[in-house]
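One file, coords.cif, carrying mmCIF, C-alpha atoms:
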data_target
loop_
_atom_site.label_atom_id
_atom_site.label_comp_id
_atom_site.auth_asym_id
_atom_site.auth_seq_id
_atom_site.Cartn_x
_atom_site.Cartn_y
_atom_site.Cartn_z
CA MET A 1 85.66 100.99 89.71
CA ASN A 2 85.70 104.10 87.57
CA ASP A 3 82.90 106.52 88.44
CA ARG A 4 82.60 108.06 84.96
CA ARG A 5 81.64 111.71 85.09
CA GLN A 6 78.58 112.98 83.28
CA LYS A 7 77.08 116.47 83.06
CA LYS A 8 75.33 117.37 86.29
CA GLU A 9 73.10 119.89 88.02
CA THR A 10 74.49 120.10 91.53
CA LYS A 11 74.13 123.13 93.73
CA SER A 12 77.79 123.94 93.18
CA ASN A 13 77.37 123.85 89.41
CA ARG A 14 74.34 126.09 89.60
CA ILE A 15 76.42 128.53 91.63
CA ILE A 16 79.15 128.44 89.00
CA SER A 17 76.58 129.00 86.27
CA THR A 18 75.18 131.99 88.15
CA CYS A 19 78.63 133.43 88.64
CA SER A 20 79.34 133.00 84.94
CA LEU A 21 76.23 134.97 84.14
CA ILE A 22 77.37 137.89 86.27
CA GLY A 23 80.85 137.80 84.79
CA ILE A 24 82.91 136.07 87.47
CA SER A 25 85.54 133.76 85.96
CA GLY A 26 85.84 130.15 87.08
CA LYS A 27 89.31 130.67 88.56
CA LEU A 28 88.27 133.79 90.46
CA PHE A 29 85.21 132.04 91.82
CA ILE A 30 87.23 129.06 93.09
CA MET A 31 89.71 131.43 94.77
CA PHE A 32 86.77 133.22 96.40
CA LEU A 33 85.27 129.94 97.56
CA MET A 34 88.53 128.70 99.07
CA LEU A 35 89.19 131.97 100.87
CA SER A 36 85.67 132.05 102.24
CA LEU A 37 85.80 128.52 103.58
CA ASN A 38 89.27 128.90 105.05
CA SER A 39 88.58 132.22 106.73
CA CYS A 40 85.57 131.15 108.76
CA ASP A 41 85.18 128.39 111.28
CA PHE A 42 83.01 125.46 110.35
CA ASN A 43 80.23 124.96 112.85
CA VAL A 44 81.28 121.46 113.85
CA LYS A 45 78.27 119.78 115.42
CA LYS A 46 78.59 117.50 118.40
CA GLU A 47 76.95 114.13 118.79
CA ASP A 48 75.62 115.06 122.23
CA GLY A 49 73.50 112.39 123.82
CA MET A 50 74.48 109.89 121.13
CA LYS A 51 76.91 107.06 121.03
CA LYS A 52 80.12 108.51 119.59
CA VAL A 53 81.29 106.29 116.75
CA THR A 54 84.58 107.23 115.13
CA ALA A 55 86.01 106.29 111.75
CA GLU A 56 88.76 104.40 113.51
CA ALA A 57 86.22 102.35 115.47
CA ILE A 58 84.07 101.69 112.40
CA LEU A 59 86.98 100.46 110.31
CA ALA A 60 88.25 98.24 113.13
CA ASN A 61 84.87 96.68 113.96
CA PRO A 62 84.29 93.43 112.00
CA ASP A 63 80.55 93.68 112.69
CA TYR A 64 80.30 96.89 110.67
CA LYS A 65 80.03 95.41 107.19
CA ALA A 66 80.93 97.84 104.37
CA ILE A 67 79.87 98.11 100.74
CA SER A 68 80.06 100.44 97.73
CA TYR A 69 76.70 101.94 96.81
CA GLY A 70 75.21 104.02 94.03
CA GLY A 71 71.56 103.08 93.74
CA TYR A 72 71.16 104.01 90.06
CA ARG A 73 68.38 102.12 88.29
CA LYS A 74 68.71 103.37 84.72
CA ASP A 75 71.41 103.31 82.03
CA THR A 76 72.16 106.98 82.67
CA ARG A 77 72.95 108.94 85.80
CA SER A 78 70.77 111.77 84.54
CA VAL A 79 67.99 109.79 86.24
CA GLN A 80 68.93 110.03 89.89
CA PRO A 81 67.55 107.65 92.54
CA THR A 82 64.94 109.34 94.69
CA ILE A 83 65.21 109.57 98.45
CA ALA A 84 62.38 107.03 98.71
CA GLN A 85 64.33 104.62 96.49
CA LEU A 86 67.52 105.21 98.47
CA LYS A 87 65.69 104.43 101.70
CA GLU A 88 64.43 101.16 100.23
CA ASP A 89 67.98 100.19 99.31
CA LEU A 90 69.46 101.18 102.65
CA LYS A 91 66.94 99.03 104.48
CA ILE A 92 67.91 96.09 102.28
CA LEU A 93 71.61 96.65 102.97
CA ALA A 94 70.99 97.03 106.70
CA ALA A 95 69.21 93.67 106.63
CA ILE A 96 72.48 91.94 105.60
CA GLY A 97 74.51 93.74 108.25
CA VAL A 98 75.86 96.66 106.21
CA LYS A 99 76.55 99.68 108.39
CA VAL A 100 79.03 101.59 106.21
CA ILE A 101 78.49 102.61 102.60
CA ARG A 102 80.90 104.22 100.18
CA THR A 103 79.86 106.93 97.71
CA TYR A 104 81.99 108.43 94.93
CA ASN A 105 81.30 112.10 94.26
CA VAL A 106 79.37 115.12 95.46
CA HIS A 107 78.84 116.75 92.06
CA MET A 108 75.62 114.79 91.64
CA PRO A 109 72.69 114.66 94.08
CA GLN A 110 73.11 110.96 94.91
CA ALA A 111 75.52 111.36 97.85
CA VAL A 112 73.64 114.26 99.44
CA ASN A 113 70.33 112.45 99.00
CA THR A 114 71.80 109.25 100.46
CA ILE A 115 72.82 111.16 103.56
CA GLU A 116 69.34 112.68 103.75
CA ALA A 117 67.82 109.20 103.39
CA ILE A 118 69.92 107.99 106.31
CA GLU A 119 68.82 110.98 108.39
CA GLU A 120 65.17 110.18 107.68
CA LEU A 121 65.62 106.50 108.50
CA LYS A 122 67.25 107.41 111.81
CA ILE A 123 64.26 109.58 112.68
CA GLU A 124 61.88 106.76 111.77
CA ASP A 125 63.89 104.18 113.73
CA GLU A 126 66.30 105.33 116.42
CA LYS A 127 68.13 102.00 116.17
CA PHE A 128 68.94 102.46 112.49
CA GLU A 129 72.69 102.84 112.05
CA MET A 130 74.51 103.70 108.83
CA TYR A 131 77.70 105.64 108.11
CA VAL A 132 79.25 107.03 104.96
CA MET A 133 82.69 107.02 103.37
CA LEU A 134 82.15 110.11 101.25
CA GLY A 135 83.97 110.31 97.94
CA ALA A 136 85.26 113.58 96.51
CA TRP A 137 85.88 113.08 92.80
CA ILE A 138 89.24 114.27 91.46
CA ASP A 139 90.07 114.90 87.78
CA CYS A 140 92.89 116.24 85.68
CA LYS A 141 92.43 119.29 83.48
CA ASN A 142 90.25 118.65 80.39
CA ALA A 143 88.94 115.33 81.76
CA TRP A 144 85.76 114.12 80.04
CA THR A 145 85.69 117.14 77.70
CA GLY A 146 86.79 115.59 74.41
CA LEU A 147 90.00 117.60 74.67
CA ASP A 148 93.34 115.95 75.41
CA PRO A 149 93.60 115.37 79.17
CA ILE A 150 96.41 117.35 80.80
CA HIS A 151 97.51 114.99 83.55
CA GLU A 152 100.11 117.38 84.95
CA GLU A 153 97.35 119.86 85.85
CA GLU A 154 94.15 119.41 87.80
CA SER A 155 90.57 120.34 87.04
CA GLU A 156 89.36 123.61 88.55
CA ARG A 157 86.29 121.68 89.68
CA ASN A 158 88.35 119.72 92.24
CA ALA A 159 88.38 122.63 94.71
CA ILE A 160 84.59 122.80 94.76
CA GLU A 161 84.29 119.02 95.11
CA ILE A 162 86.61 118.99 98.13
CA GLU A 163 84.96 121.90 99.90
CA ARG A 164 81.48 120.48 99.35
CA ALA A 165 82.61 117.17 100.84
CA ALA A 166 84.06 119.05 103.82
CA GLN A 167 80.81 120.94 104.26
CA LEU A 168 78.81 117.71 104.29
CA ALA A 169 81.15 116.23 106.89
CA VAL A 170 80.49 119.25 109.10
CA GLU A 171 76.74 119.20 108.57
CA HIS A 172 76.45 115.44 109.21
CA PRO A 173 79.24 114.40 111.60
CA ASP A 174 77.18 111.51 112.92
CA ILE A 175 77.02 110.00 109.41
CA VAL A 176 80.02 111.14 107.34
CA LYS A 177 83.02 109.49 108.98
CA ILE A 178 85.54 109.30 106.12
CA ILE A 179 86.36 111.47 103.13
CA SER A 180 88.13 109.81 100.20
CA VAL A 181 90.04 112.22 97.98
CA GLY A 182 89.60 110.73 94.54
CA ASN A 183 88.70 107.30 93.22
CA GLU A 184 91.32 105.47 91.14
CA ALA A 185 92.57 108.96 90.35
CA MET A 186 96.29 108.10 90.33
CA VAL A 187 96.36 104.85 88.39
CA LYS A 188 97.58 105.51 84.87
CA TRP A 189 95.15 103.24 83.06
CA ALA A 190 92.50 105.81 84.03
CA THR A 191 93.61 107.67 80.92
CA GLU A 192 90.57 109.92 80.76
CA TYR A 193 91.21 111.69 84.07
CA TYR A 194 94.17 110.52 86.19
CA VAL A 195 96.29 112.99 88.12
CA TYR A 196 99.72 112.76 89.73
CA PRO A 197 100.01 112.02 93.46
CA LYS A 198 100.88 115.65 94.18
CA VAL A 199 97.27 116.63 93.46
CA ILE A 200 95.84 114.05 95.87
CA LEU A 201 98.48 115.05 98.44
CA LYS A 202 97.48 118.71 98.11
CA TRP A 203 93.85 118.04 98.95
CA VAL A 204 94.56 115.47 101.67
CA ASN A 205 96.82 118.04 103.36
CA HIS A 206 94.14 120.68 102.92
CA LEU A 207 91.53 118.55 104.71
CA GLN A 208 93.97 117.51 107.42
CA GLY A 209 94.73 121.21 107.92
CA LEU A 210 91.04 121.95 108.40
CA LYS A 211 90.94 119.28 111.09
CA GLU A 212 93.90 120.88 112.86
CA GLN A 213 92.08 124.21 112.75
CA ASN A 214 88.92 122.66 114.25
CA LYS A 215 87.06 123.33 111.01
CA LEU A 216 86.40 119.63 110.52
CA PRO A 217 85.67 116.97 113.14
CA LYS A 218 88.93 115.72 114.63
CA ASP A 219 87.87 112.09 114.27
CA LEU A 220 86.99 112.39 110.58
CA TRP A 221 89.46 110.22 108.66
CA ILE A 222 90.94 111.30 105.36
CA THR A 223 92.19 108.91 102.69
CA SER A 224 92.36 108.33 98.95
CA SER A 225 90.96 105.18 97.40
CA ASP A 226 93.05 103.75 94.59
CA ASN A 227 94.42 100.72 92.82
CA PHE A 228 97.00 98.71 94.74
CA ALA A 229 99.70 99.70 92.22
CA SER A 230 99.08 103.38 92.89
CA TRP A 231 99.87 102.76 96.57
CA GLY A 232 103.32 101.36 95.82
CA GLY A 233 102.27 97.73 95.43
CA GLY A 234 103.01 97.59 91.72
CA GLU A 235 105.28 99.08 89.10
CA ALA A 236 108.20 101.37 89.89
CA GLN A 237 106.60 104.28 88.00
CA TYR A 238 104.21 104.81 90.93
CA LYS A 239 106.86 104.82 93.66
CA VAL A 240 107.56 108.54 93.70
CA GLU A 241 108.29 110.94 96.54
CA GLU A 242 104.84 112.54 96.39
CA LEU A 243 103.29 109.10 96.96
CA ASN A 244 105.54 108.56 99.97
CA GLU A 245 104.39 111.89 101.38
CA LEU A 246 100.79 110.94 100.71
CA ILE A 247 101.17 107.69 102.62
CA HIS A 248 102.40 109.72 105.58
CA ALA A 249 99.52 112.21 105.21
CA VAL A 250 96.44 109.95 105.02
CA ASP A 251 94.83 108.49 108.12
CA TYR A 252 94.72 105.09 106.45
CA ILE A 253 95.27 103.56 103.01
CA SER A 254 92.25 102.51 100.96
CA MET A 255 93.42 100.13 98.24
CA HIS A 256 91.61 98.32 95.42
CA THR A 257 92.21 94.78 94.24
CA TYR A 258 90.41 93.06 91.36
CA SER A 259 91.67 89.58 90.64
CA MET A 260 88.63 89.12 88.39
CA HIS A 261 90.07 91.63 85.94
CA ASP A 262 93.38 89.81 85.95
CA THR A 263 91.75 86.58 84.86
CA HIS A 264 92.12 88.37 81.52
CA TYR A 265 95.00 90.85 81.97
CA ASN A 266 97.39 88.76 84.09
CA PRO A 267 95.99 85.22 84.45
CA ILE A 268 98.99 83.67 86.19
CA PHE A 269 96.70 82.33 88.93
CA TRP A 270 93.59 81.57 86.86
CA GLY A 271 92.54 78.20 85.52
CA THR A 272 92.23 74.53 86.35
CA LEU A 273 95.47 72.68 87.00
CA HIS A 274 96.16 69.37 85.27
CA ASP A 275 96.43 67.60 88.62
CA GLU A 276 92.94 68.88 89.54
CA GLN A 277 91.24 66.97 86.73
CA ASN A 278 89.99 64.29 89.11
CA LEU A 279 88.06 66.85 91.17
CA SER A 280 84.37 67.58 90.81
CA ASP A 281 83.40 70.66 88.79
CA GLN A 282 82.57 72.56 91.96
CA GLU A 283 85.91 71.61 93.54
CA LYS A 284 87.78 72.78 90.43
CA ILE A 285 86.05 76.14 90.58
CA ASP A 286 86.56 76.43 94.33
CA ALA A 287 90.29 75.81 93.88
CA ALA A 288 90.48 78.53 91.22
CA MET A 289 88.61 80.96 93.46
CA VAL A 290 90.94 80.26 96.38
CA ARG A 291 93.86 81.17 94.12
CA SER A 292 92.02 84.32 93.04
CA VAL A 293 91.72 85.45 96.64
CA GLU A 294 95.35 84.59 97.32
CA TYR A 295 96.24 86.78 94.35
CA SER A 296 94.28 89.69 95.84
CA LYS A 297 95.95 89.09 99.19
CA SER A 298 99.34 89.36 97.50
CA GLN A 299 98.43 92.82 96.23
CA TYR A 300 97.32 93.88 99.69
CA TYR A 301 100.57 92.71 101.25
CA ALA A 302 102.62 94.35 98.49
CA VAL A 303 101.12 97.70 99.55
CA LYS A 304 101.72 96.87 103.20
CA ASN A 305 105.36 96.00 102.55
CA TYR A 306 105.91 99.24 100.65
CA MET A 307 104.33 101.24 103.46
CA HIS A 308 106.50 99.52 106.08
CA ALA A 309 109.61 100.18 103.97
CA LEU A 310 108.83 103.88 104.41
CA GLY A 311 108.76 103.47 108.17
CA VAL A 312 104.98 103.94 108.26
CA ASN A 313 102.58 101.72 110.17
CA LYS A 314 98.93 102.59 109.74
CA PRO A 315 95.78 100.71 108.76
CA ILE A 316 95.26 99.47 105.21
CA HIS A 317 91.71 98.59 104.24
CA VAL A 318 90.18 97.30 101.02
CA GLY A 319 88.36 100.22 99.42
CA GLU A 320 87.08 98.08 96.57
CA THR A 321 87.06 94.49 95.45
CA GLY A 322 84.41 92.46 93.72
CA TRP A 323 83.46 89.87 91.12
CA ALA A 324 80.90 90.28 88.34
CA SER A 325 78.11 87.73 88.03
CA TYR A 326 77.86 88.01 84.27
CA SER A 327 79.97 89.10 81.32
CA GLU A 328 79.84 89.10 77.55
CA ASP A 329 83.27 90.70 77.30
CA PHE A 330 86.76 89.62 78.43
CA TYR A 331 85.47 87.50 81.33
CA GLY A 332 82.62 85.61 79.69
CA GLU A 333 82.14 82.70 77.32
CA GLN A 334 84.57 84.11 74.76
CA GLY A 335 87.09 85.12 77.39
CA SER A 336 88.41 83.87 80.73
CA LEU A 337 85.14 82.11 81.73
CA ALA A 338 85.31 83.91 85.06
CA CYS A 339 81.87 85.43 85.56
CA ASP A 340 78.79 83.76 86.94
CA GLU A 341 76.81 83.86 90.16
CA TYR A 342 78.54 80.87 91.72
CA LYS A 343 82.05 82.29 91.30
CA GLN A 344 80.85 85.69 92.51
CA SER A 345 79.42 84.03 95.61
CA LYS A 346 82.62 82.11 96.31
CA TYR A 347 84.80 85.19 95.95
CA TYR A 348 82.53 87.17 98.26
CA GLU A 349 82.57 84.40 100.87
CA LEU A 350 86.36 84.00 100.82
CA MET A 351 87.11 87.75 100.82
CA ARG A 352 84.73 88.42 103.68
CA GLU A 353 86.23 85.53 105.62
CA TRP A 354 89.83 86.71 105.13
CA THR A 355 89.21 90.40 105.81
CA ARG A 356 87.17 89.64 108.91
CA GLU A 357 89.89 87.37 110.32
CA GLU A 358 92.56 90.01 109.64
CA GLN A 359 90.39 92.90 110.87
CA ILE A 360 90.53 94.54 107.45
CA LYS A 361 87.51 96.56 106.40
CA CYS A 362 86.30 95.47 102.96
CA PHE A 363 84.13 97.87 100.98
CA TYR A 364 82.79 95.20 98.70
CA PHE A 365 81.90 96.31 95.19
CA GLU A 366 79.00 96.55 94.95
CA ALA A 367 75.51 96.58 96.42
CA PHE A 368 73.23 96.66 93.36
CA ASP A 369 73.86 96.33 89.63
CA GLU A 370 74.11 99.75 87.96
CA PRO A 371 73.38 99.66 84.20
CA TRP A 372 74.83 103.12 83.52
CA LYS A 373 78.37 101.88 84.03
CA ASP A 374 78.58 100.37 80.55
CA SER A 375 75.38 101.70 79.04
CA ASP A 376 76.35 100.90 75.44
CA ASN A 377 77.04 97.27 76.33
CA PRO A 378 74.32 95.77 78.58
CA GLY A 379 76.24 92.49 78.76
CA GLY A 380 79.42 94.17 79.93
CA SER A 381 80.81 93.01 83.26
CA GLU A 382 80.77 96.54 84.69
CA ASN A 383 76.98 96.38 84.84
CA HIS A 384 76.87 93.16 86.87
CA PHE A 385 78.94 93.53 90.05
CA GLY A 386 75.96 93.88 92.40
CA LEU A 387 74.88 91.42 95.05
CA PHE A 388 71.38 92.27 93.81
CA ASP A 389 70.39 92.91 90.22
CA VAL A 390 68.83 96.22 89.21
CA HIS A 391 65.31 94.84 89.74
CA GLY A 392 66.11 93.75 93.29
CA GLN A 393 66.55 90.06 92.54
CA VAL A 394 68.80 88.46 95.14
CA LYS A 395 71.81 86.80 93.54
CA TYR A 396 73.13 83.41 94.65
CA VAL A 397 75.62 85.02 97.03
CA LEU A 398 72.69 85.96 99.30
CA TRP A 399 70.30 83.06 98.77
CA ASP A 400 71.02 81.75 102.26
CA SER A 401 70.15 85.15 103.73
CA PHE A 402 66.93 85.13 101.73
CA ASP A 403 66.05 81.69 103.07
CA LYS A 404 66.57 82.96 106.62
CA GLY A 405 63.92 85.62 106.01
CA VAL A 406 66.15 88.67 106.41
CA PHE A 407 64.45 90.40 103.44
CA LYS A 408 60.90 89.77 104.63
CA GLY A 409 58.77 92.84 104.01
CA LEU A 410 61.47 94.61 102.01
CA SER A 411 61.18 95.69 98.39
CA ARG A 412 62.93 97.58 95.61
CA ASP A 413 60.78 100.05 93.71
CA GLY A 414 57.80 98.55 95.49
CA VAL A 415 58.48 95.01 94.26
CA ALA A 416 59.22 92.28 96.80
CA LEU A 417 62.66 90.72 96.57
CA VAL A 418 63.00 87.29 94.95
CA LYS A 419 65.92 85.01 94.15
CA THR A 420 67.57 84.93 90.75
CA TYR A 421 66.93 81.75 88.72
CA ASN A 422 63.71 81.41 90.76
CA GLY A 423 65.95 79.93 93.42
CA ASN A 424 66.76 76.88 91.27
CA LYS A 425 70.41 75.96 91.73
CA ASP A 426 70.36 73.47 88.87
CA SER A 427 69.34 76.27 86.50
CA LEU A 428 72.10 78.46 87.89
CA TRP A 429 74.74 75.79 87.31
CA LYS A 430 73.86 75.63 83.63
CA ASP A 431 75.48 79.08 83.34
CA VAL A 432 78.58 78.15 85.35
CA GLN A 433 81.66 77.39 83.24
CA LEU A 434 84.90 75.75 84.32
CA PRO A 435 88.08 77.82 84.27
CA PRO A 436 90.34 76.79 81.36
CA VAL A 437 92.77 73.94 81.88
CA LYS A 438 96.33 75.23 81.75
CA GLU A 439 99.72 75.18 83.32
CA ILE A 440 99.68 77.93 85.92
CA LEU A 441 102.62 79.76 87.39
CA ILE A 442 101.47 80.40 90.92
CA PRO A 443 103.34 83.37 92.40
CA GLU A 444 104.85 83.41 95.85
CA TYR A 445 102.62 85.21 98.31
#
Translate the structure of the given file into structure tokens.
Amino acid sequence: MNDRRQKKETKSNRIISTCSLIGISGKLFIMFLMLSLNSCDFNVKKEDGMKKVTAEAILANPDYKAISYGGYRKDTRSVQPTIAQLKEDLKILAAIGVKVIRTYNVHMPQAVNTIEAIEELKIEDEKFEMYVMLGAWIDCKNAWTGLDPIHEEESERNAIEIERAAQLAVEHPDIVKIISVGNEAMVKWATEYYVYPKVILKWVNHLQGLKEQNKLPKDLWITSSDNFASWGGGEAQYKVEELNELIHAVDYISMHTYSMHDTHYNPIFWGTLHDEQNLSDQEKIDAAMVRSVEYSKSQYYAVKNYMHALGVNKPIHVGETGWASYSEDFYGEQGSLACDEYKQSKYYELMREWTREEQIKCFYFEAFDEPWKDSDNPGGSENHFGLFDVHGQVKYVLWDSFDKGVFKGLSRDGVALVKTYNGNKDSLWKDVQLPPVKEILIPEY
């Protein structure tokens, strides 16, 4: 999902501000930073005495469950989660088997503090194990400024974002195992900030070059995480030579698929068939959710087919997929009737089952609800993708885990976890709506 940029106070920004005060231009400073980082060897730490766990092994291991994580509690990212709050969340995620989390940028403290929280938890418990897919945010020129975005040019801030991500990978090689260059940065509906594949290719090649020079850990994997269409699985406009070069350059492809969104934008798979009218309500919904997962599978295999057509054979993993538990917009009562906790649970179950069987890593979106994502519209679906709500209530998707006691002794913001709907399934079902009855053209998968 789009990680909308807000004004920030990162170390890098403070450096830029300082340089501005002493008269150094932004472009000159970035050139200085790049030359400095490229002219000196990174002090790549070893994991001596520790079990060496590589990105390749993490992505291939079905027991290393992955998830997207932010940890924001408020309707603005100006209020950052504290390290204590991050540690609470990480313990909760570890309790459900999560060992890999995905972050989205390094221009805010959240990613650095998450890494620090993991370091502290490892000191407190030597058995604690958590790794990070570290996002480096990529923008076009004028993104988020109120000026017209210039998609043919990139933001000067990208260089600092990339080098900070590289630095963190060097400082924490036992935690940072993957760097993702950009998030949905190539897909053209990201009108506020998208760039052309050449920009992503530039920075992927830069990081791969640092690995070749022993300035980054050799087993650090580099990718970009983007919509399936951006990886050649969709329209012809994306299938350009720079994308082909990018597919050759990354260590693996991280692709996004959101069939939930297409219950509104492309609902060819969504609804209740006429010949399903004799089924129970739950069976009707289950059938619709099976088709939703098949639709997401088709996007995955479209990317795979495009990659193979280029003569490339490397891993493809799901960098994002998810299903909102509530919506007052396109997917709610006035829309496609797609969002509730039961459907979210079914999608999660089916996606986890498929990706595990196929040895595909699935960074499920997302861990906790984050109300900043659509702060002007509290009922918007973007705010409700979490497996837990913002107060730490456990949604239906994890009620069975709750009943097994996996959250015993755990809390969010000092409050013990409880089930949504007070654990009453009958109350939950009052909010579950049947997909619309329609003739559906089911595509070939």
Report, as JSON, the axis-aligned box around all atoms of region 378-387 of chain A present in the file, extended by 5 Å on each side; give centre and edge lengths in Å to one decimal place.
{"center_x": 77.6, "center_y": 94.0, "center_z": 86.8, "size_x": 16.5, "size_y": 15.1, "size_z": 26.5}
The PyMOL selection byres ((chain A and resi 238) around 12) resolved against shown file, as a PyMOL selection string: chain A and resi 186-188+195-198+226-237+239-244+303+306
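For the choices A:Glu382, A:Asp125, A:Asp340, A:Asp413, the atom-to-atom distance to Gln433 (chain A) is smallest for A:Asp340 when using only C-alpha atoms.
Counting all atoms listed in the file, Glu353 (chain A) has the following residues at most 12 Å away, ignoring those fewer than 4 positions along the same chain: A:Pro62, A:Lys65, A:Val290, A:Val293, A:Lys346, A:Tyr347, A:Tyr348, A:Glu349, A:Glu357, A:Glu358, A:Gln359, A:Ile360, A:Lys361, A:Cys362.
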For Cys339 (chain A), which residue among A:His384, A:Lys419, A:Lys202, A:Arg73 is the nearest when counting only C-alpha atoms? A:His384
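Across the model, the gap from CA of Asp262 (chain A) to CA of Ala190 (chain A) is 16.1 Å.
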Choose the residue, out of A:Met133, A:Ala324, A:Leu410, A:Leu441, that has the smallest atom-to-atom separation from Gln85 (chain A); count all atoms listed in the file. A:Leu410
To one decimal place in Å, what is the distance between CA of Lys99 (chain A) and CA of Tyr64 (chain A)? 5.2 Å
Name the residues that the PyMOL selection byres ((chain A and resi 214-220) around 6) pulls out of this structure, and write them as a ChimeraX atom specification. /A:41-42,54,177-178,210-213,221
